[in-house]
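Below: model30.csv (CSV, C-alpha atoms and all ligand atoms)
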chain,number,residue,atom,x,y,z
A,13,MET,CA,13.4,5.6,-15.9
A,14,GLY,CA,15.3,4.9,-19.1
A,15,PRO,CA,14.9,2.8,-22.2
A,16,GLY,CA,13.2,-0.6,-21.7
A,17,HIS,CA,12.0,0.1,-18.2
A,18,PRO,CA,8.5,-1.2,-17.3
A,19,GLU,CA,7.5,2.1,-15.5
A,20,CYS,CA,7.2,4.0,-18.8
A,21,PRO,CA,5.2,6.8,-20.2
A,22,ALA,CA,3.3,4.4,-22.5
A,23,ARG,CA,1.4,3.2,-19.4
A,24,LEU,CA,-0.6,6.5,-19.1
A,25,ASP,CA,-1.1,6.6,-22.9
A,26,ALA,CA,-2.5,3.1,-22.9
A,27,ILE,CA,-5.0,4.1,-20.1
A,28,GLU,CA,-6.0,7.2,-21.9
A,29,ASP,CA,-6.5,5.4,-25.2
A,30,ARG,CA,-8.6,2.7,-23.6
A,31,LEU,CA,-10.8,5.2,-21.8
A,32,LEU,CA,-11.3,7.1,-25.1
A,33,VAL,CA,-12.1,4.0,-27.2
A,34,SER,CA,-14.5,2.5,-24.6
A,35,GLY,CA,-16.4,5.8,-24.2
A,36,VAL,CA,-15.6,6.0,-20.5
A,37,SER,CA,-13.6,9.1,-21.0
A,38,ALA,CA,-16.5,11.1,-22.3
A,39,ALA,CA,-18.4,10.5,-19.0
A,40,LEU,CA,-15.6,11.7,-16.8
A,41,ASP,CA,-14.7,15.1,-15.4
A,42,HIS,CA,-11.0,15.5,-16.4
A,43,ARG,CA,-8.7,17.8,-14.5
A,44,GLU,CA,-5.1,18.7,-14.9
A,45,ALA,CA,-3.1,18.3,-11.8
A,46,PRO,CA,-1.2,21.2,-10.2
A,47,LEU,CA,2.2,20.7,-8.6
A,48,ALA,CA,2.2,19.9,-4.9
A,49,SER,CA,3.8,22.4,-2.6
A,50,LEU,CA,6.8,21.3,-0.6
A,51,ALA,CA,4.9,21.9,2.6
A,52,ASP,CA,2.4,19.3,1.5
A,53,ILE,CA,5.0,16.8,0.4
A,54,GLU,CA,6.6,17.3,3.9
A,55,LEU,CA,3.4,16.2,5.6
A,56,ALA,CA,4.6,12.6,4.7
A,57,HIS,CA,8.3,13.0,3.9
A,58,ASP,CA,11.5,14.0,5.7
A,59,ARG,CA,12.5,17.6,4.8
A,60,MET,CA,16.1,16.5,4.2
A,61,HIS,CA,15.0,13.7,1.8
A,62,VAL,CA,12.9,16.2,-0.2
A,63,ALA,CA,15.9,18.7,-0.3
A,64,ALA,CA,18.2,15.9,-1.3
A,65,LEU,CA,16.0,14.9,-4.3
A,66,ARG,CA,15.7,18.5,-5.3
A,67,GLY,CA,19.5,18.9,-5.2
A,68,LEU,CA,20.0,15.7,-7.2
A,69,SER,CA,17.5,17.0,-9.8
A,70,LEU,CA,19.4,20.3,-10.2
A,71,ARG,CA,22.7,18.5,-10.5
A,72,LEU,CA,21.4,16.1,-13.1
A,73,VAL,CA,20.2,19.0,-15.3
A,74,GLU,CA,23.7,20.7,-15.0
A,75,GLU,CA,25.5,17.5,-15.8
A,76,GLU,CA,23.3,16.6,-18.7
A,77,ASP,CA,23.7,20.1,-20.1
A,78,ALA,CA,27.5,19.6,-19.8
A,79,GLY,CA,27.3,16.4,-21.9
A,80,GLY,CA,26.7,13.9,-19.0
A,81,SER,CA,24.1,11.1,-18.7
A,82,PRO,CA,20.4,12.1,-18.8
A,83,TYR,CA,19.7,9.5,-16.0
A,84,PHE,CA,20.8,9.3,-12.4
A,85,GLN,CA,20.3,5.8,-10.9
A,86,LEU,CA,19.0,5.9,-7.3
A,87,ASP,CA,19.0,2.2,-7.0
A,88,THR,CA,19.0,-0.7,-9.4
A,89,ASP,CA,15.5,-0.2,-10.5
A,90,THR,CA,14.8,3.5,-9.8
A,91,ALA,CA,16.3,6.3,-11.9
A,92,MET,CA,15.7,10.0,-12.2
A,93,ASN,CA,15.8,12.2,-15.3
A,94,ARG,CA,15.5,16.0,-15.6
A,95,HIS,CA,11.7,15.8,-15.6
A,96,THR,CA,11.3,13.4,-12.6
A,97,TRP,CA,11.1,16.1,-9.9
A,98,THR,CA,8.3,18.0,-11.7
A,99,ALA,CA,6.4,14.8,-12.5
A,100,ALA,CA,6.7,13.6,-8.9
A,101,LEU,CA,5.3,16.9,-7.6
A,102,ARG,CA,2.5,16.7,-10.2
A,103,ALA,CA,1.6,13.1,-9.2
A,104,ALA,CA,1.3,14.2,-5.6
A,105,GLY,CA,-0.5,17.4,-6.6
A,106,ALA,CA,-3.1,15.2,-8.4
A,107,ALA,CA,-3.8,13.3,-5.2
A,108,ILE,CA,-4.1,16.6,-3.2
A,109,GLU,CA,-6.3,18.3,-5.8
A,110,ALA,CA,-8.5,15.2,-5.9
A,111,THR,CA,-8.8,15.3,-2.1
A,112,ASP,CA,-9.8,18.9,-2.1
A,113,ALA,CA,-12.4,18.3,-4.9
A,114,VAL,CA,-13.9,15.3,-3.1
A,115,MET,CA,-13.9,17.1,0.3
A,116,ALA,CA,-15.6,20.1,-1.3
A,117,GLY,CA,-18.3,17.8,-2.7
A,118,GLU,CA,-17.5,18.7,-6.3
A,119,LEU,CA,-16.9,15.0,-7.0
A,120,GLU,CA,-17.9,11.9,-5.1
A,121,ASN,CA,-14.7,10.2,-6.0
A,122,ALA,CA,-11.6,10.7,-8.2
A,123,PHE,CA,-9.0,8.6,-9.9
A,124,CYS,CA,-5.5,10.0,-10.4
A,125,SER,CA,-3.9,8.6,-13.5
A,126,VAL,CA,-0.3,9.4,-12.5
A,127,ARG,CA,3.3,8.4,-12.6
A,128,PRO,CA,5.6,8.1,-11.0
A,129,PRO,CA,3.8,5.8,-8.6
A,130,GLY,CA,4.2,6.3,-4.8
A,131,HIS,CA,3.6,3.4,-2.5
A,132,HIS,CA,7.2,2.3,-2.1
A,133,ALA,CA,8.4,5.8,-1.3
A,134,MET,CA,9.3,5.9,2.4
A,135,ARG,CA,9.5,8.9,4.6
A,136,ALA,CA,13.2,9.4,3.9
A,137,LYS,CA,13.9,7.1,0.9
A,138,ALA,CA,12.9,6.9,-2.8
A,139,MET,CA,12.8,3.3,-4.1
A,140,GLY,CA,10.8,0.8,-6.3
A,141,PHE,CA,10.1,3.4,-9.1
A,142,CYS,CA,8.6,5.8,-6.4
A,143,PHE,CA,9.8,9.2,-5.2
A,144,PHE,CA,7.0,10.8,-3.3
A,145,ASN,CA,4.2,8.7,-1.7
A,146,ASN,CA,1.1,10.2,-3.4
A,147,VAL,CA,-1.4,8.3,-1.3
A,148,ALA,CA,0.3,8.8,2.0
A,149,ILE,CA,0.7,12.6,1.3
A,150,ALA,CA,-3.0,12.9,0.4
A,151,ALA,CA,-4.1,10.9,3.5
A,152,LYS,CA,-2.0,13.1,5.8
A,153,TYR,CA,-3.3,16.1,3.9
A,154,ALA,CA,-6.9,15.1,4.5
A,155,LEU,CA,-6.1,14.6,8.2
A,156,GLN,CA,-4.2,17.8,8.7
A,157,ARG,CA,-5.8,20.3,6.3
A,158,HIS,CA,-9.4,19.0,6.3
A,159,ASN,CA,-9.4,17.9,9.9
A,160,LEU,CA,-10.7,14.4,9.3
A,161,LYS,CA,-10.4,12.1,12.2
A,162,ARG,CA,-10.1,8.7,10.4
A,163,VAL,CA,-8.9,7.9,6.9
A,164,ALA,CA,-8.4,4.4,5.4
A,165,VAL,CA,-5.8,3.4,2.8
A,166,ILE,CA,-6.6,0.3,0.7
A,167,ASP,CA,-3.7,-1.1,-1.3
A,168,PHE,CA,-4.2,-3.9,-3.8
A,169,ASP,CA,-1.0,-3.6,-5.8
A,170,VAL,CA,0.9,-6.9,-6.2
A,171,HIS,CA,3.8,-5.4,-4.2
A,172,HIS,CA,3.6,-4.5,-0.5
A,173,GLY,CA,3.2,-0.8,0.1
A,174,ASN,CA,6.2,-0.5,2.4
A,175,GLY,CA,6.5,3.2,1.9
A,176,THR,CA,2.9,3.9,2.9
A,177,GLU,CA,3.4,1.6,5.9
A,178,ASP,CA,6.6,3.4,6.9
A,179,ILE,CA,4.7,6.8,6.8
A,180,LEU,CA,1.4,5.8,8.4
A,181,ALA,CA,2.3,3.0,10.9
A,182,GLY,CA,1.5,4.2,14.4
A,183,ASP,CA,-0.8,7.0,13.2
A,184,GLU,CA,-4.0,5.9,14.8
A,185,ARG,CA,-6.0,8.3,12.6
A,186,ALA,CA,-5.2,6.1,9.6
A,187,LEU,CA,-6.0,2.4,8.9
A,188,MET,CA,-4.0,0.7,6.1
A,189,VAL,CA,-5.3,-2.6,4.7
A,190,SER,CA,-3.4,-4.4,2.0
A,191,ILE,CA,-3.0,-7.6,0.1
A,192,PHE,CA,0.2,-8.5,-1.9
A,193,GLN,CA,2.3,-11.3,-3.1
A,194,HIS,CA,4.8,-12.6,-0.6
A,195,PRO,CA,7.7,-13.4,-0.5
A,196,PHE,CA,8.2,-10.8,-3.2
A,197,TYR,CA,9.6,-7.3,-3.7
A,198,PRO,CA,10.1,-5.3,-1.4
A,199,TYR,CA,10.2,-8.4,0.9
A,200,SER,CA,8.4,-6.7,3.8
A,201,GLY,CA,4.9,-6.8,5.2
A,202,ASP,CA,4.9,-10.4,6.7
A,203,GLN,CA,4.1,-8.8,10.0
A,204,ASP,CA,2.0,-5.8,11.1
A,205,PRO,CA,4.4,-3.2,12.6
A,206,ALA,CA,1.6,-1.3,14.3
A,207,PRO,CA,-2.1,-1.9,15.2
A,208,ASN,CA,-3.3,0.4,12.4
A,209,MET,CA,-1.7,-1.8,9.7
A,210,LEU,CA,-3.5,-4.9,8.3
A,211,ASN,CA,-1.1,-6.7,5.9
A,212,VAL,CA,-2.4,-9.8,4.1
A,213,PRO,CA,0.6,-11.5,2.4
A,214,VAL,CA,-0.5,-14.2,-0.1
A,215,PRO,CA,1.6,-16.7,-2.0
A,216,ALA,CA,2.3,-16.6,-5.8
A,217,TYR,CA,-0.5,-18.0,-7.9
A,218,THR,CA,-3.3,-17.0,-5.5
A,219,LYS,CA,-6.5,-16.6,-7.6
A,220,GLY,CA,-9.1,-13.9,-7.7
A,221,MET,CA,-11.7,-15.8,-5.8
A,222,ASP,CA,-9.3,-16.3,-2.9
A,223,VAL,CA,-8.4,-12.6,-2.9
A,224,ARG,CA,-12.2,-11.8,-2.8
A,225,GLU,CA,-12.6,-14.0,0.2
A,226,ILE,CA,-9.8,-12.2,2.0
A,227,VAL,CA,-11.3,-8.9,1.2
A,228,GLU,CA,-14.7,-10.0,2.5
A,229,MET,CA,-13.5,-11.9,5.6
A,230,VAL,CA,-10.4,-9.9,6.7
A,231,TRP,CA,-10.5,-6.4,5.2
A,232,MET,CA,-14.2,-5.7,5.5
A,233,PRO,CA,-14.7,-6.2,9.3
A,234,ARG,CA,-11.7,-4.0,10.0
A,235,LEU,CA,-12.9,-1.2,7.7
A,236,GLU,CA,-16.4,-1.5,9.2
A,237,ALA,CA,-15.1,-1.2,12.7
A,238,PHE,CA,-12.8,1.7,11.8
A,239,LYS,CA,-15.5,3.7,10.0
A,240,PRO,CA,-13.2,5.8,7.8
A,241,GLU,CA,-14.4,9.3,6.8
A,242,MET,CA,-12.5,9.1,3.6
A,243,ILE,CA,-10.8,6.2,1.6
A,244,PHE,CA,-7.6,6.4,-0.4
A,245,VAL,CA,-6.8,3.6,-2.8
A,246,SER,CA,-3.3,2.5,-3.9
A,247,ALA,CA,-4.6,1.1,-7.2
A,248,GLY,CA,-1.9,-1.1,-8.6
A,249,PHE,CA,-3.0,-3.4,-11.4
A,250,ASP,CA,0.1,-5.6,-11.5
A,251,ALA,CA,-1.7,-8.4,-9.6
A,252,HIS,CA,-3.5,-9.1,-12.9
A,253,ARG,CA,-3.0,-12.7,-14.1
A,254,ASP,CA,-1.6,-11.4,-17.4
A,255,ASP,CA,0.9,-9.0,-15.8
A,256,ASP,CA,4.2,-10.7,-15.7
A,257,MET,CA,5.6,-8.3,-13.0
A,258,GLY,CA,3.9,-10.5,-10.4
A,259,GLN,CA,2.3,-14.0,-10.2
A,260,LEU,CA,-1.2,-13.3,-8.8
A,261,GLY,CA,-4.3,-14.2,-10.7
A,262,LEU,CA,-6.7,-11.2,-10.6
A,263,THR,CA,-8.9,-10.2,-13.6
A,264,GLU,CA,-10.8,-7.1,-14.6
A,265,GLN,CA,-13.9,-8.7,-12.9
A,266,ASP,CA,-12.0,-9.0,-9.7
A,267,TYR,CA,-10.9,-5.4,-9.8
A,268,ALA,CA,-14.5,-4.3,-10.5
A,269,TRP,CA,-15.7,-6.4,-7.5
A,270,ILE,CA,-13.0,-5.0,-5.1
A,271,THR,CA,-13.9,-1.5,-6.2
A,272,MET,CA,-17.6,-2.2,-5.5
A,273,ARG,CA,-16.7,-3.4,-2.0
A,274,ILE,CA,-14.6,-0.2,-1.5
A,275,LYS,CA,-17.6,1.9,-2.7
A,276,ASP,CA,-19.9,0.1,-0.2
A,277,ILE,CA,-17.7,1.1,2.7
A,278,ALA,CA,-17.4,4.7,1.3
A,279,ARG,CA,-21.2,5.0,1.0
A,280,ARG,CA,-21.8,3.7,4.5
A,281,PHE,CA,-19.2,5.6,6.4
A,282,ALA,CA,-17.4,8.2,4.3
A,283,ASN,CA,-20.0,10.2,2.5
A,284,LYS,CA,-18.9,8.3,-0.7
A,285,ARG,CA,-15.5,9.9,-0.6
A,286,ILE,CA,-12.8,7.9,-2.4
A,287,VAL,CA,-9.5,9.1,-4.0
A,288,SER,CA,-7.8,6.4,-6.0
A,289,CYS,CA,-4.2,6.7,-7.3
A,290,LEU,CA,-2.5,4.6,-9.9
A,291,GLU,CA,0.4,2.5,-8.6
A,292,GLY,CA,1.7,-0.4,-10.6
A,293,GLY,CA,0.5,-2.3,-13.7
A,294,TYR,CA,3.0,-2.9,-16.5
A,295,MET,CA,1.3,-4.8,-19.3
A,296,MET,CA,-0.6,-2.3,-21.4
A,297,GLY,CA,-3.6,-4.4,-22.3
A,298,PRO,CA,-4.4,-5.7,-18.8
A,299,LEU,CA,-3.5,-2.4,-17.2
A,300,SER,CA,-5.8,-0.3,-19.4
A,301,ARG,CA,-8.7,-2.8,-19.2
A,302,SER,CA,-8.4,-3.0,-15.4
A,303,VAL,CA,-8.4,0.8,-15.0
A,304,GLU,CA,-11.5,0.9,-17.2
A,305,ALA,CA,-13.2,-1.7,-15.0
A,306,HIS,CA,-12.2,0.3,-11.8
A,307,LEU,CA,-13.5,3.5,-13.3
A,308,ARG,CA,-16.8,2.0,-14.5
A,309,VAL,CA,-17.6,1.1,-10.9
A,310,LEU,CA,-16.3,4.4,-9.4
A,311,ALA,CA,-18.3,6.4,-11.9
A,312,ASP,CA,-21.4,4.2,-12.0
A,313,LEU,CA,-21.1,3.6,-15.8
A,401,ZN,ZN,3.5,-3.0,-7.9

This entry written out as structure tokens:
Amino acid sequence: MGPGHPECPARLDAIEDRLLVSGVSAALDHREAPLASLADIELAHDRMHVAALRGLSLRLVEEEDAGGSPYFQLDTDTAMNRHTWTAALRAAGAAIEATDAVMAGELENAFCSVRPPGHHAMRAKAMGFCFFNNVAIAAKYALQRHNLKRVAVIDFDVHHGNGTEDILAGDERALMVSIFQHPFYPYSGDQDPAPNMLNVPVPAYTKGMDVREIVEMVWMPRLEAFKPEMIFVSAGFDAHRDDDMGQLGLTEQDYAWITMRIKDIARRFANKRIVSCLEGGYMMGPLSRSVEAHLRVLADL
């Protein structure tokens, strides 16, 4: 994204370091993600949008090679460089590969440690550090290619997953439940645009115990009634109390607890199938500790 931008490569390094030092890494099955095919990307995105990003990427390489800027600014906080196109295809490819592995029974669940993130990417628009909507693509892929009838998307990033909502609203095969700070970027989600969307906006400074109560009282009954056959998680960790991107008060213990409740639903209805994808989380310490807490629950460590 450019120097000084919070959505930076150091995020994945911090996660990898933390998993190594804590010993969690040794207990996991690591896989390198393939690139997603354009046909799979187009399960969730408008073909013209995909072609436009591809064209921008090619033009950027040409212009940089001719002495121009290495960055192209899509909006005030979202920039591309010559590697963005491939990174975005690989992030989506991770979610698809994880879906295949979990559907094949090779893994009970999977975490995709990826960037760029995805949940602000709309059907026909890149925004908010996101280009392709990794979770929405994987959810559509599970429905189309694996013939599932019901999938759930759970989003606990501090920001509203407006892109996922844009792609999945009205698709009754999907249920999206989310909690996010409001009013706050991207200033959407105060209403449910379709019956398959359950948005829970919460004010700044909401604490972990209150978030847990919402998960228990609001999310759980809807998830139980929907009986998802597979669960996708937009795992953003920027609602951590020490992450200054947002003003919510979650801790590592809250992320572990939410992950346990997601696992309960997966065990009861979804043959344990969960694919979780990294979204936000911008302070290296809280981000890496929260991912560790999430993975310890997912992997029963
Ligand atoms: Zn976020």

Using only C-alpha atoms and all ligand atoms, which residues have at least one atom no more than 7 Å from ligand ZN 401 (chain A)? Output them as a list of chain:residue names.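 Every residue with an atom at most 7 Å from ligand ZN 401 (chain A) is listed here: A:Asp169, A:Val170, A:His171, A:Gly248, A:Asp250, A:Glu291, A:Gly292, A:Gly293.
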
Can I get the selected residues back with C-alpha atoms, as a PDB file, in the coordinates of the input?
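Saved the output as selection-v6.pdb:
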ATOM      1  CA  ASP A 169      -1.000  -3.600  -5.800  1.00  0.00           C
ATOM      2  CA  VAL A 170       0.900  -6.900  -6.200  1.00  0.00           C
ATOM      3  CA  HIS A 171       3.800  -5.400  -4.200  1.00  0.00           C
ATOM      4  CA  GLY A 248      -1.900  -1.100  -8.600  1.00  0.00           C
ATOM      5  CA  ASP A 250       0.100  -5.600 -11.500  1.00  0.00           C
ATOM      6  CA  GLU A 291       0.400   2.500  -8.600  1.00  0.00           C
ATOM      7  CA  GLY A 292       1.700  -0.400 -10.600  1.00  0.00           C
ATOM      8  CA  GLY A 293       0.500  -2.300 -13.700  1.00  0.00           C
TER       9      GLY A 293
END

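You can rank A:Arg43, A:Arg308, A:His57, A:Lys219 by their closest distance to Gln259 in chain A using all atoms listed in the file, and at the top of that list sits A:Lys219.
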
What is the CA of Asn211 in chain A to CA of Thr90 in chain A distance in Å? 24.6 Å

Nearest to Leu155 in chain A by atom-to-atom distance, counting only C-alpha atoms, from A:Thr111, A:Asn174, A:Gln193, A:Thr218: A:Thr111

Work out how far apart CA of Pro233 in chain A and CA of His131 in chain A are and give it in Å to one decimal. 23.8 Å

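Distance check against Asp178 in chain A using only C-alpha atoms: of A:Ala206, A:Val62, A:Met295, A:Ala103, the minimum falls on A:Ala206.
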
Find the residues around range 74-84 of chain A up to 9 Å (all atoms listed in the file counted), leave out those fewer than 4 positions away in its own chain, and share them as JSON, numbers by chain. {"A": [13, 14, 68, 69, 70, 90, 91, 92, 93, 94]}

Writer output for current selection, C-alpha atoms, as a short mmCIF file (atom, residue, chain, number, x, y, z; two decimals), in the frame of the given file:
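And here is the file that came out, out-v4.cif:
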data_model
loop_
_atom_site.label_atom_id
_atom_site.label_comp_id
_atom_site.auth_asym_id
_atom_site.auth_seq_id
_atom_site.Cartn_x
_atom_site.Cartn_y
_atom_site.Cartn_z
CA MET A 13 13.40 5.60 -15.90
CA GLY A 14 15.30 4.90 -19.10
CA LEU A 68 20.00 15.70 -7.20
CA SER A 69 17.50 17.00 -9.80
CA LEU A 70 19.40 20.30 -10.20
CA THR A 90 14.80 3.50 -9.80
CA ALA A 91 16.30 6.30 -11.90
CA MET A 92 15.70 10.00 -12.20
CA ASN A 93 15.80 12.20 -15.30
CA ARG A 94 15.50 16.00 -15.60
#

For the point (9.7, -9.0, 2.9) in the file's frame, write as JSON, numbers by chain all residues with an atom no more than 12 Å away, counting only C-alpha atoms. {"A": [171, 172, 173, 174, 192, 193, 194, 195, 196, 197, 198, 199, 200, 201, 202, 203, 204, 211, 213, 214]}

Quick one, how far is CA of Ile191 in chain A from CA of Arg224 in chain A?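 Atom-to-atom, CA of Ile191 in chain A to CA of Arg224 in chain A, that is 10.5 Å.
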
Would you please work out which residue, of A:Val147, A:Ala26, A:Leu31, A:Ile226, is nearest to Ile53 in chain A when using all atoms listed in the file?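 Residue with the minimum atom-to-atom distance to Ile53 in chain A: A:Val147.
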
Nearest residue to Arg285 in chain A from the set A:Gly297, A:Gly261, A:Gly117, A:Gly140 (distances using only C-alpha atoms):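 That would be A:Gly117, the residue with the smallest distance to Arg285 in chain A.
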
Hey, which of A:Pro15, A:Leu24, A:Asp58, A:Asp167 ends up closest to Met296 in chain A? Count only C-alpha atoms.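 Nearest candidate to Met296 in chain A out of A:Pro15, A:Leu24, A:Asp58, A:Asp167: A:Leu24.
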
Need the shell around Ala278 in chain A: protein/DNA/RNA residues with any atom at most 10 Å away, counting only C-alpha atoms. Skip same-chain ones fewer than 4 positions apart. Format as a count of residues only? 17

Could you give me, as a list in words, the residues within 6 Å of Phe244 in chain A, counting all atoms listed in the file and dropping anything in the same chain fewer than 6 positions from it? Val165, Ile286, Val287 and Ser288 of chain A

So which residues fall inside 9 Å of (-7.1, 2.0, -21.4) if we count all atoms listed in the file? Mind giving them as a VMD selection string? chain A and resid 23 to 34 296 to 304

Give me the residues near His306 in chain A as a list in words, where near means some atom within 7 Å (using only C-alpha atoms) and where sequence neighbours in that chain fewer than 5 positions away do not count. Tyr267, Ala268 and Thr271 of chain A

Got a sec: who's within 8 Å of Asp266 in chain A, counting all atoms listed in the file, leaving out chain neighbours fewer than 2 positions off, as a list in words?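 Selected residues are Gly220, Met221, Arg224, Leu262, Thr263, Glu264, Ala268, Trp269 and Ile270 of chain A.
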
Hey, could you patch up range 279-302 of chain A with N, CA and C atoms and hand it over as a compact mmCIF listing (two decimals), in the frame of the given file?
# COMPACT_ATOMS: atom_id res chain seq x y z
N ARG A 279 -19.78 4.48 0.92
CA ARG A 279 -21.20 5.00 1.00
C ARG A 279 -21.68 4.90 2.44
N ARG A 280 -21.29 3.85 3.14
CA ARG A 280 -21.80 3.70 4.50
C ARG A 280 -21.17 4.61 5.51
N PHE A 281 -19.89 4.90 5.34
CA PHE A 281 -19.20 5.60 6.40
C PHE A 281 -18.56 6.95 5.96
N ALA A 282 -18.26 7.08 4.67
CA ALA A 282 -17.40 8.20 4.30
C ALA A 282 -18.01 9.17 3.32
N ASN A 283 -19.36 9.23 3.37
CA ASN A 283 -20.00 10.20 2.50
C ASN A 283 -19.61 9.97 1.03
N LYS A 284 -19.32 8.72 0.67
CA LYS A 284 -18.90 8.30 -0.70
C LYS A 284 -17.51 8.70 -1.10
N ARG A 285 -16.76 9.31 -0.18
CA ARG A 285 -15.50 9.90 -0.60
C ARG A 285 -14.38 8.88 -0.82
N ILE A 286 -13.91 8.81 -2.07
CA ILE A 286 -12.80 7.90 -2.40
C ILE A 286 -11.82 8.71 -3.34
N VAL A 287 -10.53 8.63 -3.03
CA VAL A 287 -9.50 9.10 -4.00
C VAL A 287 -8.60 7.91 -4.26
N SER A 288 -8.56 7.52 -5.54
CA SER A 288 -7.80 6.40 -6.00
C SER A 288 -6.62 6.85 -6.82
N CYS A 289 -5.43 6.31 -6.55
CA CYS A 289 -4.20 6.70 -7.30
C CYS A 289 -3.60 5.49 -7.96
N LEU A 290 -3.23 5.64 -9.21
CA LEU A 290 -2.50 4.60 -9.90
C LEU A 290 -1.20 4.26 -9.24
N GLU A 291 -0.94 2.97 -9.05
CA GLU A 291 0.40 2.50 -8.60
C GLU A 291 1.02 1.73 -9.74
N GLY A 292 1.09 0.37 -9.59
CA GLY A 292 1.70 -0.40 -10.60
C GLY A 292 0.73 -0.89 -11.71
N GLY A 293 1.23 -1.79 -12.57
CA GLY A 293 0.50 -2.30 -13.70
C GLY A 293 1.32 -2.02 -14.96
N TYR A 294 1.88 -3.10 -15.52
CA TYR A 294 3.00 -2.90 -16.50
C TYR A 294 2.74 -3.57 -17.85
N MET A 295 1.62 -4.29 -18.00
CA MET A 295 1.30 -4.80 -19.30
C MET A 295 0.13 -3.95 -19.83
N MET A 296 0.34 -3.35 -20.99
CA MET A 296 -0.60 -2.30 -21.40
C MET A 296 -2.03 -2.73 -21.52
N GLY A 297 -2.27 -3.93 -22.09
CA GLY A 297 -3.60 -4.40 -22.30
C GLY A 297 -4.35 -4.61 -20.92
N PRO A 298 -3.82 -5.51 -20.08
CA PRO A 298 -4.40 -5.70 -18.80
C PRO A 298 -4.54 -4.47 -17.91
N LEU A 299 -3.50 -3.63 -17.96
CA LEU A 299 -3.50 -2.40 -17.20
C LEU A 299 -4.68 -1.50 -17.59
N SER A 300 -4.79 -1.26 -18.91
CA SER A 300 -5.80 -0.30 -19.40
C SER A 300 -7.21 -0.88 -19.19
N ARG A 301 -7.38 -2.18 -19.40
CA ARG A 301 -8.70 -2.80 -19.20
C ARG A 301 -9.08 -2.79 -17.71
N SER A 302 -8.11 -2.99 -16.84
CA SER A 302 -8.40 -3.00 -15.40
C SER A 302 -8.74 -1.61 -14.89
